[in-house]
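Dropping entry.txt in here (compact mmCIF, C-alpha atoms):
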```txt
# COMPACT_ATOMS: atom_id res chain seq x y z
CA MET A 286 -20.52 -13.23 -28.02
CA GLU A 287 -21.09 -9.92 -26.29
CA HIS A 288 -22.09 -8.46 -29.63
CA MET A 289 -25.02 -10.80 -29.91
CA GLY A 290 -26.23 -10.14 -26.41
CA VAL A 291 -24.30 -12.30 -23.94
CA GLU A 292 -23.61 -10.17 -20.84
CA PRO A 293 -20.07 -8.82 -20.52
CA GLY A 294 -18.18 -10.93 -17.99
CA ARG A 295 -20.01 -14.20 -18.64
CA LEU A 296 -17.37 -15.33 -21.08
CA GLN A 297 -13.83 -15.02 -19.80
CA PHE A 298 -10.42 -16.00 -21.04
CA SER A 299 -7.37 -16.83 -19.05
CA TRP A 300 -3.94 -18.30 -19.64
CA ILE A 301 -2.68 -20.30 -16.70
CA SER A 302 0.40 -22.48 -16.66
CA SER A 303 0.24 -25.83 -14.84
CA ALA A 304 2.74 -24.36 -12.38
CA GLU A 305 0.51 -21.40 -11.51
CA SER A 306 -1.77 -23.01 -8.96
CA THR A 307 -2.42 -19.81 -7.05
CA LYS A 308 -3.37 -17.98 -10.23
CA PHE A 309 -5.75 -20.83 -11.08
CA VAL A 310 -7.48 -20.57 -7.71
CA ASP A 311 -7.61 -16.82 -8.01
CA VAL A 312 -9.12 -16.86 -11.49
CA ALA A 313 -11.60 -19.62 -10.61
CA LYS A 314 -12.81 -17.57 -7.63
CA LYS A 315 -13.18 -14.41 -9.67
CA VAL A 316 -15.00 -16.14 -12.52
CA THR A 317 -17.42 -17.83 -10.13
CA GLU A 318 -18.11 -14.54 -8.41
CA ALA A 319 -18.67 -12.73 -11.69
CA VAL A 320 -20.99 -15.40 -13.05
CA GLN A 321 -22.91 -15.73 -9.80
CA ALA A 322 -23.50 -12.00 -9.84
CA LEU A 323 -24.93 -12.31 -13.34
CA GLY A 324 -27.21 -15.18 -12.34
CA PRO A 325 -28.26 -18.19 -14.39
CA ASN A 326 -27.83 -17.95 -18.14
CA THR A 327 -31.45 -18.48 -19.13
CA LYS A 328 -30.92 -17.14 -22.63
CA PHE A 329 -29.18 -20.33 -23.67
CA LYS A 330 -31.96 -22.54 -22.40
CA LYS A 331 -34.18 -24.15 -24.97
CA SER A 332 -37.78 -23.04 -24.73
CA LYS A 333 -39.04 -26.62 -24.58
CA MET B 1028 -22.27 -3.54 -70.06
CA SER B 1029 -22.37 -5.07 -73.53
CA ALA B 1030 -18.71 -4.14 -74.02
CA LYS B 1031 -17.93 -6.21 -70.92
CA ILE B 1032 -19.98 -9.13 -72.25
CA ASP B 1033 -18.08 -9.04 -75.54
CA ALA B 1034 -14.76 -8.87 -73.72
CA ILE B 1035 -15.65 -11.79 -71.42
CA ARG B 1036 -16.82 -13.95 -74.34
CA GLN B 1037 -13.74 -13.11 -76.35
CA ILE B 1038 -11.39 -14.01 -73.51
CA ALA B 1039 -13.31 -17.24 -72.79
CA ARG B 1040 -13.23 -18.22 -76.45
CA ARG B 1041 -9.51 -17.55 -76.70
CA LEU B 1042 -8.61 -19.41 -73.50
CA LEU B 1043 -10.62 -22.47 -74.50
CA ALA B 1044 -9.50 -22.46 -78.13
CA ASP B 1045 -5.84 -22.19 -77.09
CA GLY B 1046 -6.29 -24.97 -74.59
CA ALA B 1047 -5.08 -22.66 -71.82
CA VAL B 1048 -7.94 -23.84 -69.60
CA ASP B 1049 -10.34 -26.77 -69.54
CA MET B 1050 -13.31 -24.77 -68.37
CA VAL B 1051 -14.51 -21.21 -68.00
CA ILE B 1052 -16.84 -20.38 -65.13
CA GLY B 1053 -19.00 -17.32 -65.67
CA PHE B 1054 -22.59 -16.20 -65.59
CA LYS B 1055 -25.51 -17.02 -67.84
CA ARG B 1056 -28.93 -15.46 -67.95
CA GLY B 1057 -31.23 -17.02 -65.37
CA THR B 1058 -34.78 -18.18 -66.00
CA LEU B 1059 -36.13 -15.39 -63.82
CA PRO B 1060 -35.25 -11.69 -63.99
CA MET B 1061 -32.33 -10.62 -61.76
CA MET B 1062 -31.30 -14.26 -61.21
CA ASN B 1063 -28.19 -14.91 -63.24
CA GLU B 1064 -26.79 -18.38 -62.77
CA PRO B 1065 -23.28 -19.81 -62.76
CA CYS B 1066 -22.34 -21.15 -66.16
CA PHE B 1067 -19.67 -23.73 -66.96
CA ILE B 1068 -18.27 -23.52 -70.47
CA ARG B 1069 -16.01 -26.26 -71.81
CA LYS B 1070 -16.07 -25.51 -75.54
CA ALA B 1071 -15.01 -22.30 -77.27
CA GLU B 1072 -18.20 -22.22 -79.36
CA GLU B 1073 -20.33 -22.15 -76.21
CA ALA B 1074 -18.74 -18.92 -75.02
CA ASP B 1075 -21.70 -16.87 -76.26
CA ARG B 1076 -23.79 -18.19 -73.39
CA LEU B 1077 -21.78 -16.00 -71.02
CA VAL B 1078 -23.32 -12.72 -69.92
CA TRP B 1079 -22.48 -9.86 -67.61
CA ASP B 1080 -24.84 -7.32 -66.08
CA SER B 1081 -25.88 -5.99 -62.68
CA HIS B 1082 -27.31 -9.30 -61.51
CA CYS B 1083 -24.09 -11.27 -61.20
CA GLY B 1084 -24.10 -11.25 -57.42
CA ILE B 1085 -23.29 -14.93 -56.93
CA ASN B 1086 -19.70 -15.46 -55.82
CA LEU B 1087 -18.10 -17.73 -58.40
CA ALA B 1088 -15.11 -18.51 -56.17
CA ASN B 1089 -17.53 -21.00 -54.63
CA TYR B 1090 -17.31 -23.14 -57.77
CA VAL B 1091 -13.55 -23.53 -58.05
CA THR B 1092 -13.00 -25.21 -54.68
CA ASP B 1093 -10.74 -28.26 -55.01
CA ARG B 1094 -10.95 -28.32 -58.82
CA LYS B 1095 -8.19 -30.32 -60.41
CA GLU B 1096 -8.63 -29.08 -63.99
CA ARG B 1097 -7.41 -25.69 -65.17
CA VAL B 1098 -10.23 -23.22 -64.82
CA ALA B 1099 -10.82 -19.61 -65.74
CA VAL B 1100 -13.20 -17.72 -63.50
CA VAL B 1101 -15.06 -14.49 -64.08
CA ALA B 1102 -14.42 -12.53 -60.91
CA LYS B 1103 -15.70 -9.29 -59.47
CA GLY B 1104 -13.64 -7.51 -56.82
CA CYS B 1105 -15.10 -9.62 -54.03
CA ASP B 1106 -14.83 -12.88 -56.00
CA SER B 1107 -11.17 -12.14 -56.67
CA ARG B 1108 -10.60 -11.67 -52.95
CA ASN B 1109 -12.22 -15.05 -52.31
CA LEU B 1110 -9.96 -16.58 -54.96
CA VAL B 1111 -7.02 -15.14 -53.02
CA ASN B 1112 -8.47 -16.81 -49.90
CA HIS B 1113 -8.77 -20.07 -51.79
CA ILE B 1114 -5.15 -19.91 -52.92
CA ILE B 1115 -3.95 -19.11 -49.38
CA GLU B 1116 -6.04 -21.94 -47.96
CA ASN B 1117 -4.80 -24.40 -50.62
CA LYS B 1118 -8.23 -24.93 -52.11
CA ILE B 1119 -6.95 -24.18 -55.59
CA LYS B 1120 -3.52 -23.80 -57.12
CA ARG B 1121 -2.67 -20.42 -58.54
CA GLU B 1122 -1.17 -21.98 -61.66
CA LYS B 1123 -4.40 -23.86 -62.37
CA LEU B 1124 -6.39 -20.69 -62.26
CA VAL B 1125 -6.94 -17.95 -64.80
CA VAL B 1126 -8.76 -15.02 -63.25
CA ILE B 1127 -10.90 -12.97 -65.62
CA GLY B 1128 -11.20 -9.93 -63.39
CA VAL B 1129 -14.15 -7.66 -64.05
CA CYS B 1130 -14.12 -4.12 -62.70
CA CYS B 1131 -17.44 -4.06 -60.90
CA ASP B 1132 -19.96 -1.26 -60.50
CA GLY B 1133 -21.82 -3.06 -57.75
CA MET B 1134 -24.70 -5.48 -58.08
CA LEU B 1135 -28.38 -4.68 -57.80
CA ASP B 1136 -30.35 -5.76 -54.76
CA LYS B 1137 -32.91 -8.16 -56.18
CA ARG B 1138 -34.89 -8.24 -52.97
CA LEU B 1139 -35.11 -4.46 -52.77
CA ILE B 1140 -36.23 -4.22 -56.39
CA ALA B 1141 -38.82 -6.96 -55.92
CA GLU B 1142 -40.18 -5.25 -52.81
CA LYS B 1143 -40.31 -1.88 -54.51
CA SER B 1144 -42.11 -3.40 -57.47
CA ARG B 1145 -44.75 -4.87 -55.23
CA GLU B 1146 -45.15 -1.48 -53.54
CA GLU B 1147 -45.13 0.68 -56.63
CA ALA B 1148 -46.75 -1.59 -59.19
CA GLY B 1149 -48.34 -4.31 -57.10
CA ALA B 1150 -46.65 -6.84 -59.34
CA GLU B 1151 -43.60 -9.03 -59.68
CA VAL B 1152 -40.61 -7.86 -61.69
CA ASP B 1153 -40.77 -8.77 -65.40
CA ALA B 1154 -37.65 -7.05 -66.60
CA VAL B 1155 -34.88 -4.77 -65.36
CA GLU B 1156 -33.01 -2.47 -67.71
CA GLU B 1157 -30.38 0.13 -67.07
CA ALA B 1158 -28.95 3.09 -68.91
CA ASN B 1159 -26.89 6.05 -67.75
CA GLY B 1160 -27.03 5.16 -64.07
CA GLN B 1161 -30.80 4.84 -64.13
CA ILE B 1162 -32.65 1.58 -63.55
CA THR B 1163 -35.96 0.94 -65.29
CA VAL B 1164 -38.08 -1.85 -63.88
CA LYS B 1165 -41.02 -3.32 -65.72
CA ALA B 1166 -43.50 -4.91 -63.38
CA GLY B 1167 -46.93 -5.95 -64.63
CA ALA B 1168 -48.50 -3.05 -66.48
CA LEU B 1169 -46.29 -0.47 -64.80
CA ILE B 1170 -42.79 0.84 -65.22
CA TRP B 1171 -40.82 2.54 -62.45
CA GLN B 1172 -37.38 4.09 -62.34
CA ALA B 1173 -34.73 4.80 -59.74
CA PRO B 1174 -31.06 5.79 -59.69
CA ARG B 1175 -28.79 2.76 -59.86
CA GLU B 1176 -26.85 3.75 -56.73
CA GLU B 1177 -29.99 3.50 -54.60
CA LEU B 1178 -30.76 -0.03 -55.69
CA LEU B 1179 -27.36 -1.58 -55.06
CA GLN B 1180 -26.91 -4.42 -52.60
CA ASP B 1181 -25.96 -3.13 -49.17
CA ASN B 1182 -22.49 -4.69 -49.35
CA CYS B 1183 -21.93 -3.15 -52.80
CA LYS B 1184 -22.86 0.28 -51.47
CA ARG B 1185 -20.13 -0.13 -48.84
CA CYS B 1186 -17.62 -1.93 -51.07
CA ARG B 1187 -14.00 -0.75 -51.08
CA HIS B 1188 -12.64 -3.31 -53.52
CA ARG B 1189 -14.69 -3.22 -56.67
CA ASN B 1190 -11.65 -3.73 -58.85
CA PRO B 1191 -10.27 -7.27 -58.85
CA VAL B 1192 -7.24 -7.61 -56.57
CA LEU B 1193 -5.86 -10.53 -58.58
CA TYR B 1194 -6.36 -11.09 -62.29
CA ASP B 1195 -4.77 -12.44 -65.43
CA GLU B 1196 -7.22 -10.81 -67.80
CA ARG B 1197 -8.98 -7.61 -66.99
CA VAL B 1198 -12.41 -6.61 -68.26
CA GLY B 1199 -13.43 -2.95 -68.08
CA GLU B 1200 -11.50 0.04 -66.79
CA PRO B 1201 -10.75 0.28 -63.05
CA VAL B 1202 -13.43 2.13 -61.17
CA ALA B 1203 -12.92 4.64 -58.37
CA GLU B 1204 -12.81 2.94 -54.97
CA LYS B 1205 -14.21 4.06 -51.64
CA THR B 1206 -11.43 4.41 -49.10
CA GLU B 1207 -13.21 3.48 -45.93
CA ASP B 1208 -16.14 1.67 -44.45
CA ASN B 1209 -17.50 3.45 -41.40
CA TYR B 1210 -19.27 0.30 -40.17
CA GLU B 1211 -22.12 2.47 -38.90
CA ASP B 1212 -24.47 -0.53 -39.17
CA VAL B 1213 -22.28 -2.53 -36.76
CA LYS B 1214 -21.76 0.47 -34.48
CA ARG B 1215 -25.52 0.88 -34.17
CA ILE B 1216 -25.74 -2.61 -32.69
CA GLU B 1217 -22.63 -2.15 -30.55
CA ALA B 1218 -24.29 0.85 -28.92
CA MET B 1219 -27.17 -1.30 -27.66
CA SER B 1220 -27.36 -2.86 -24.19
CA SER B 1221 -26.91 -6.63 -23.85
CA ASP B 1222 -30.64 -7.21 -23.61
CA GLU B 1223 -31.34 -5.03 -26.63
CA LYS B 1224 -28.69 -6.87 -28.62
CA TRP B 1225 -30.17 -10.20 -27.65
CA ALA B 1226 -33.65 -9.06 -28.61
CA HIS B 1227 -32.39 -7.54 -31.85
CA PHE B 1228 -30.89 -10.81 -33.05
CA GLU B 1229 -33.79 -12.85 -31.68
CA ASN B 1230 -36.09 -10.78 -33.84
CA MET B 1231 -33.75 -10.83 -36.81
CA LEU B 1232 -33.40 -14.62 -36.78
CA SER B 1233 -37.04 -15.39 -35.98
CA SER B 1234 -37.83 -16.16 -39.60
CA CYS B 1235 -34.81 -18.43 -40.18
CA ILE B 1236 -35.85 -21.82 -41.57
CA ARG B 1237 -32.34 -23.30 -41.34
CA CYS B 1238 -32.15 -24.10 -45.01
CA TYR B 1239 -28.39 -23.37 -44.87
CA ALA B 1240 -28.55 -21.42 -48.13
CA CYS B 1241 -26.26 -18.82 -46.53
CA ARG B 1242 -23.68 -21.51 -45.90
CA ASN B 1243 -24.01 -23.10 -49.32
CA ALA B 1244 -23.63 -19.79 -51.15
CA CYS B 1245 -20.49 -18.91 -49.20
CA PRO B 1246 -17.15 -19.69 -50.86
CA LEU B 1247 -15.55 -19.95 -47.40
CA CYS B 1248 -17.76 -22.91 -46.44
CA TYR B 1249 -16.07 -25.87 -48.07
CA CYS B 1250 -15.62 -28.38 -45.24
CA PRO B 1251 -16.39 -31.93 -46.43
CA THR B 1252 -18.79 -32.26 -43.50
CA CYS B 1253 -20.14 -29.05 -42.06
CA PHE B 1254 -20.40 -28.78 -38.28
CA VAL B 1255 -24.18 -28.51 -38.59
CA ASP B 1256 -24.42 -31.81 -40.47
CA GLU B 1257 -22.13 -33.72 -38.14
CA SER B 1258 -23.93 -36.05 -35.75
CA ARG B 1259 -20.95 -37.67 -34.00
CA PRO B 1260 -20.32 -35.48 -32.13
CA GLN B 1261 -23.31 -33.27 -32.64
CA TRP B 1262 -21.92 -29.76 -32.28
CA VAL B 1263 -25.17 -27.90 -32.57
CA GLY B 1264 -28.83 -28.73 -31.98
CA LYS B 1265 -30.74 -29.35 -35.16
CA SER B 1266 -34.11 -28.05 -34.02
CA GLN B 1267 -35.94 -24.83 -34.84
CA ASP B 1268 -35.47 -23.67 -31.26
CA PRO B 1269 -34.27 -20.05 -31.27
CA ILE B 1270 -31.06 -20.92 -29.43
CA ASP B 1271 -30.19 -23.66 -31.93
CA ILE B 1272 -30.79 -21.24 -34.78
CA ARG B 1273 -28.68 -18.60 -33.11
CA THR B 1274 -25.88 -21.06 -32.37
CA PHE B 1275 -25.78 -22.02 -36.03
CA HIS B 1276 -25.61 -18.39 -37.13
CA PHE B 1277 -22.89 -17.26 -34.81
CA LEU B 1278 -20.77 -20.35 -35.33
CA ARG B 1279 -21.11 -19.92 -39.07
CA ALA B 1280 -19.96 -16.34 -38.68
CA TYR B 1281 -16.99 -17.37 -36.50
CA HIS B 1282 -15.87 -19.78 -39.19
CA CYS B 1283 -15.66 -16.78 -41.51
CA ALA B 1284 -13.64 -14.65 -39.10
CA GLY B 1285 -10.72 -13.00 -40.85
CA ARG B 1286 -11.79 -14.64 -44.11
CA CYS B 1287 -15.04 -12.92 -45.04
CA THR B 1288 -14.85 -10.50 -47.96
CA ASP B 1289 -18.39 -9.17 -47.43
CA CYS B 1290 -19.36 -10.38 -50.91
CA GLY B 1291 -22.97 -10.59 -49.76
CA SER B 1292 -23.63 -14.06 -51.17
CA CYS B 1293 -25.09 -15.29 -47.89
CA GLU B 1294 -27.55 -12.46 -47.64
CA ARG B 1295 -28.42 -12.72 -51.32
CA ALA B 1296 -29.10 -16.43 -51.00
CA CYS B 1297 -31.31 -16.18 -47.91
CA PRO B 1298 -34.88 -16.96 -48.96
CA MET B 1299 -36.22 -15.17 -45.88
CA GLY B 1300 -34.28 -11.97 -46.38
CA ILE B 1301 -32.39 -12.18 -43.08
CA PRO B 1302 -29.47 -9.70 -42.99
CA VAL B 1303 -26.99 -12.40 -41.96
CA ARG B 1304 -24.06 -10.13 -42.80
CA GLN B 1305 -24.65 -8.41 -39.48
CA PHE B 1306 -22.68 -11.21 -37.82
CA THR B 1307 -19.80 -11.37 -40.28
CA ARG B 1308 -19.55 -7.58 -40.51
CA LYS B 1309 -18.88 -7.37 -36.78
CA LEU B 1310 -16.00 -9.82 -37.17
CA ASN B 1311 -14.70 -7.93 -40.21
CA LYS B 1312 -14.76 -4.73 -38.20
CA ASP B 1313 -12.93 -6.37 -35.28
CA CYS B 1314 -10.31 -7.85 -37.60
CA GLU B 1315 -9.71 -4.49 -39.15
CA GLU B 1316 -9.53 -2.63 -35.84
CA LEU B 1317 -7.44 -5.21 -33.98
CA TYR B 1318 -5.15 -6.46 -36.71
CA GLY B 1319 -5.55 -3.96 -39.55
CA TRP B 1320 -6.66 -6.93 -41.62
CA GLN B 1321 -9.00 -7.20 -44.57
CA ALA B 1322 -9.36 -10.65 -46.07
CA GLY B 1323 -8.17 -11.68 -49.50
CA LEU B 1324 -6.17 -8.69 -50.60
CA SER B 1325 -2.84 -10.40 -51.28
CA ILE B 1326 -1.63 -13.97 -51.76
CA ASP B 1327 1.62 -13.05 -50.02
CA GLN B 1328 0.07 -12.23 -46.67
CA ARG B 1329 -1.02 -14.77 -44.08
CA PRO B 1330 -4.47 -14.18 -42.57
CA ALA B 1331 -4.80 -12.41 -39.24
CA LEU B 1332 -5.87 -15.54 -37.38
CA ASP B 1333 -3.07 -17.56 -38.92
CA THR B 1334 -0.17 -15.49 -37.64
CA TYR B 1335 1.21 -14.54 -34.28
CA SER B 1336 2.76 -11.26 -33.36
CA PRO B 1337 3.94 -10.27 -29.88
CA ASN B 1338 1.95 -7.08 -30.37
CA ASP B 1339 -1.35 -8.91 -30.83
CA PRO B 1340 -3.98 -7.41 -28.56
CA ASN B 1341 -4.48 -9.69 -25.54
CA ASP B 1342 -6.22 -7.52 -22.99
CA PHE B 1343 -9.13 -9.95 -22.90
CA ILE B 1344 -6.94 -12.68 -21.36
CA ARG B 1345 -6.56 -12.48 -17.61
```

Show how you would write the structure in this file as structure tokens.
Amino acid sequence: MEHMGVEPGRLQFSWISSAESTKFVDVAKKVTEAVQALGPNTKFKKSK
Amino acid sequence: MSAKIDAIRQIARRLLADGAVDMVIGFKRGTLPMMNEPCFIRKAEEADRLVWDSHCGINLANYVTDRKERVAVVAKGCDSRNLVNHIIENKIKREKLVVIGVCCDGMLDKRLIAEKSREEAGAEVDAVEEANGQITVKAGALIWQAPREELLQDNCKRCRHRNPVLYDERVGEPVAEKTEDNYEDVKRIEAMSSDEKWAHFENMLSSCIRCYACRNACPLCYCPTCFVDESRPQWVGKSQDPIDIRTFHFLRAYHCAGRCTDCGSCERACPMGIPVRQFTRKLNKDCEELYGWQAGLSIDQRPALDTYSPNDPNDFIR
């Protein structure tokens, strides 16, 4: 995805067990922060 | 070349006469120059329709998918790798298949030759002949020449597996192989910024008409219903909007991850001349760097994306 021009950090992968609630919260926070910093993904919007 | 034609015909005749196979799949001369077509021979006496030259770029592995009869296939290096893929993916049984492996010298780039003809002679190609590594093209009233190496398809210039990796009958003597692919074409794109990459592919795909010729020519694409044709659920938009076009192209490439042999069929089939291999080449490069994997080299090895090893790179997972 990054190779075809999606900004690094917009697509993220994580492995979280159902028992790892704190990790889930942590990852969710970090992903939201990263994506908010990048702003809206206008590239994937259809032109009309 | 004619020695190879004789050898192919002889093998086809023998296999059919002996009843070893029900059908031989090879190439016949096309109606236009540089456009050889797949040819299906069921009778020994028809074997003389088979030809071999530098225009056999179509990947014949595409025509053996799910065949129940015993078939013999004429296979270049890349075709043989796709036959290996087919065997691994249970699309054909090894024992139903006779591989007539042809040691390949690379195929000519029909688009490049056509373009050059228009430039040099202002005419379409009437005939292409070759002798001693030199190509002679007749176009209209003019004739132009160029070294064979310069007119090869891009994937053939980079090819590391010209000799068939799997064969029952071999045609021609093994040719010297390149040992590595430097992937400089992929690295050039990798060096770009995100915006440049986006613009590069936007520009590259701007002429796509979504005819799906790239998919149809690809031996890897054998799903009964392709994701682009599915409407329930509809995985990808069917419009000509640039993002729909791009989604199709990168999903198509992902489906070829760890399977693509860089045979160049997709690019060859594209009526608009889009270098669609740029997507699959990136995945081939990644597969090679991350897993040391090149598709279709052995029927005894499981594909990179089909196996798990504790050492698999997983730095991208948080």

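Within 6 Å of chain B, chain A contributes the residues A:Met289, A:Gly290, A:Glu292, A:Phe298, A:Ser299, using all atoms listed in the file.
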
Atom pair CA of Glu1142 in chain B + CA of Glu1156 in chain B, distance 16.8 Å

Point out the residue among B:Arg1076, B:Ala1331, B:Val1098, B:Glu1294 with the least atom-to-atom distance to Arg1036 in chain B, counting all atoms listed in the file.
->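 Closest candidate: B:Arg1076.
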
Long-range neighbours of Leu296 in chain A as a ChimeraX atom specification, 9 Å cut-off, only C-alpha atoms, 3 positions minimum in chain = /A:286-287,291-293,316,320

Using CA of Asp1195 in chain B and CA of Val1126 in chain B as the two end points, give the distance in Å to one decimal.
-> 5.2 Å

Name the residues in contact with range 1108-1124 of chain B at a cut-off of 8 Å, using all atoms listed in the file, excluding same-chain residues fewer than 3 positions from it; report them as number ranges by chain.
-> B: 1088, 1091-1100, 1104-1105, 1191-1193, 1246-1247, 1286, 1288, 1322-1326, 1329

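What separates CA of Leu1139 in chain B from CA of Phe1054 in chain B is a distance of 21.4 Å.
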
Would you kindly return, as an MDAnalysis selection string, each protein, DNA or RNA residue with an atom no farther than 7 Å from any atom of Pro1201 in chain B, considering only C-alpha atoms and excluding same-chain residues fewer than 2 positions away?
-> chainID B and resid 1130 1190 1199 1203

With only C-alpha atoms counted, which protein, DNA or RNA residues have an atom no more than 12 Å from (-17.7, -9.0, -12.9) in the file frame? Please answer as a PDB file with C-alpha atoms, in the coordinates of the input.
```
ATOM      1  CA  GLU A 292     -23.610 -10.170 -20.840  1.00  0.00           C
ATOM      2  CA  PRO A 293     -20.070  -8.820 -20.520  1.00  0.00           C
ATOM      3  CA  GLY A 294     -18.180 -10.930 -17.990  1.00  0.00           C
ATOM      4  CA  ARG A 295     -20.010 -14.200 -18.640  1.00  0.00           C
ATOM      5  CA  LEU A 296     -17.370 -15.330 -21.080  1.00  0.00           C
ATOM      6  CA  GLN A 297     -13.830 -15.020 -19.800  1.00  0.00           C
ATOM      7  CA  VAL A 312      -9.120 -16.860 -11.490  1.00  0.00           C
ATOM      8  CA  LYS A 314     -12.810 -17.570  -7.630  1.00  0.00           C
ATOM      9  CA  LYS A 315     -13.180 -14.410  -9.670  1.00  0.00           C
ATOM     10  CA  VAL A 316     -15.000 -16.140 -12.520  1.00  0.00           C
ATOM     11  CA  THR A 317     -17.420 -17.830 -10.130  1.00  0.00           C
ATOM     12  CA  GLU A 318     -18.110 -14.540  -8.410  1.00  0.00           C
ATOM     13  CA  ALA A 319     -18.670 -12.730 -11.690  1.00  0.00           C
ATOM     14  CA  VAL A 320     -20.990 -15.400 -13.050  1.00  0.00           C
ATOM     15  CA  GLN A 321     -22.910 -15.730  -9.800  1.00  0.00           C
ATOM     16  CA  ALA A 322     -23.500 -12.000  -9.840  1.00  0.00           C
ATOM     17  CA  LEU A 323     -24.930 -12.310 -13.340  1.00  0.00           C
ATOM     18  CA  GLY A 324     -27.210 -15.180 -12.340  1.00  0.00           C
TER      19      GLY A 324
END
```
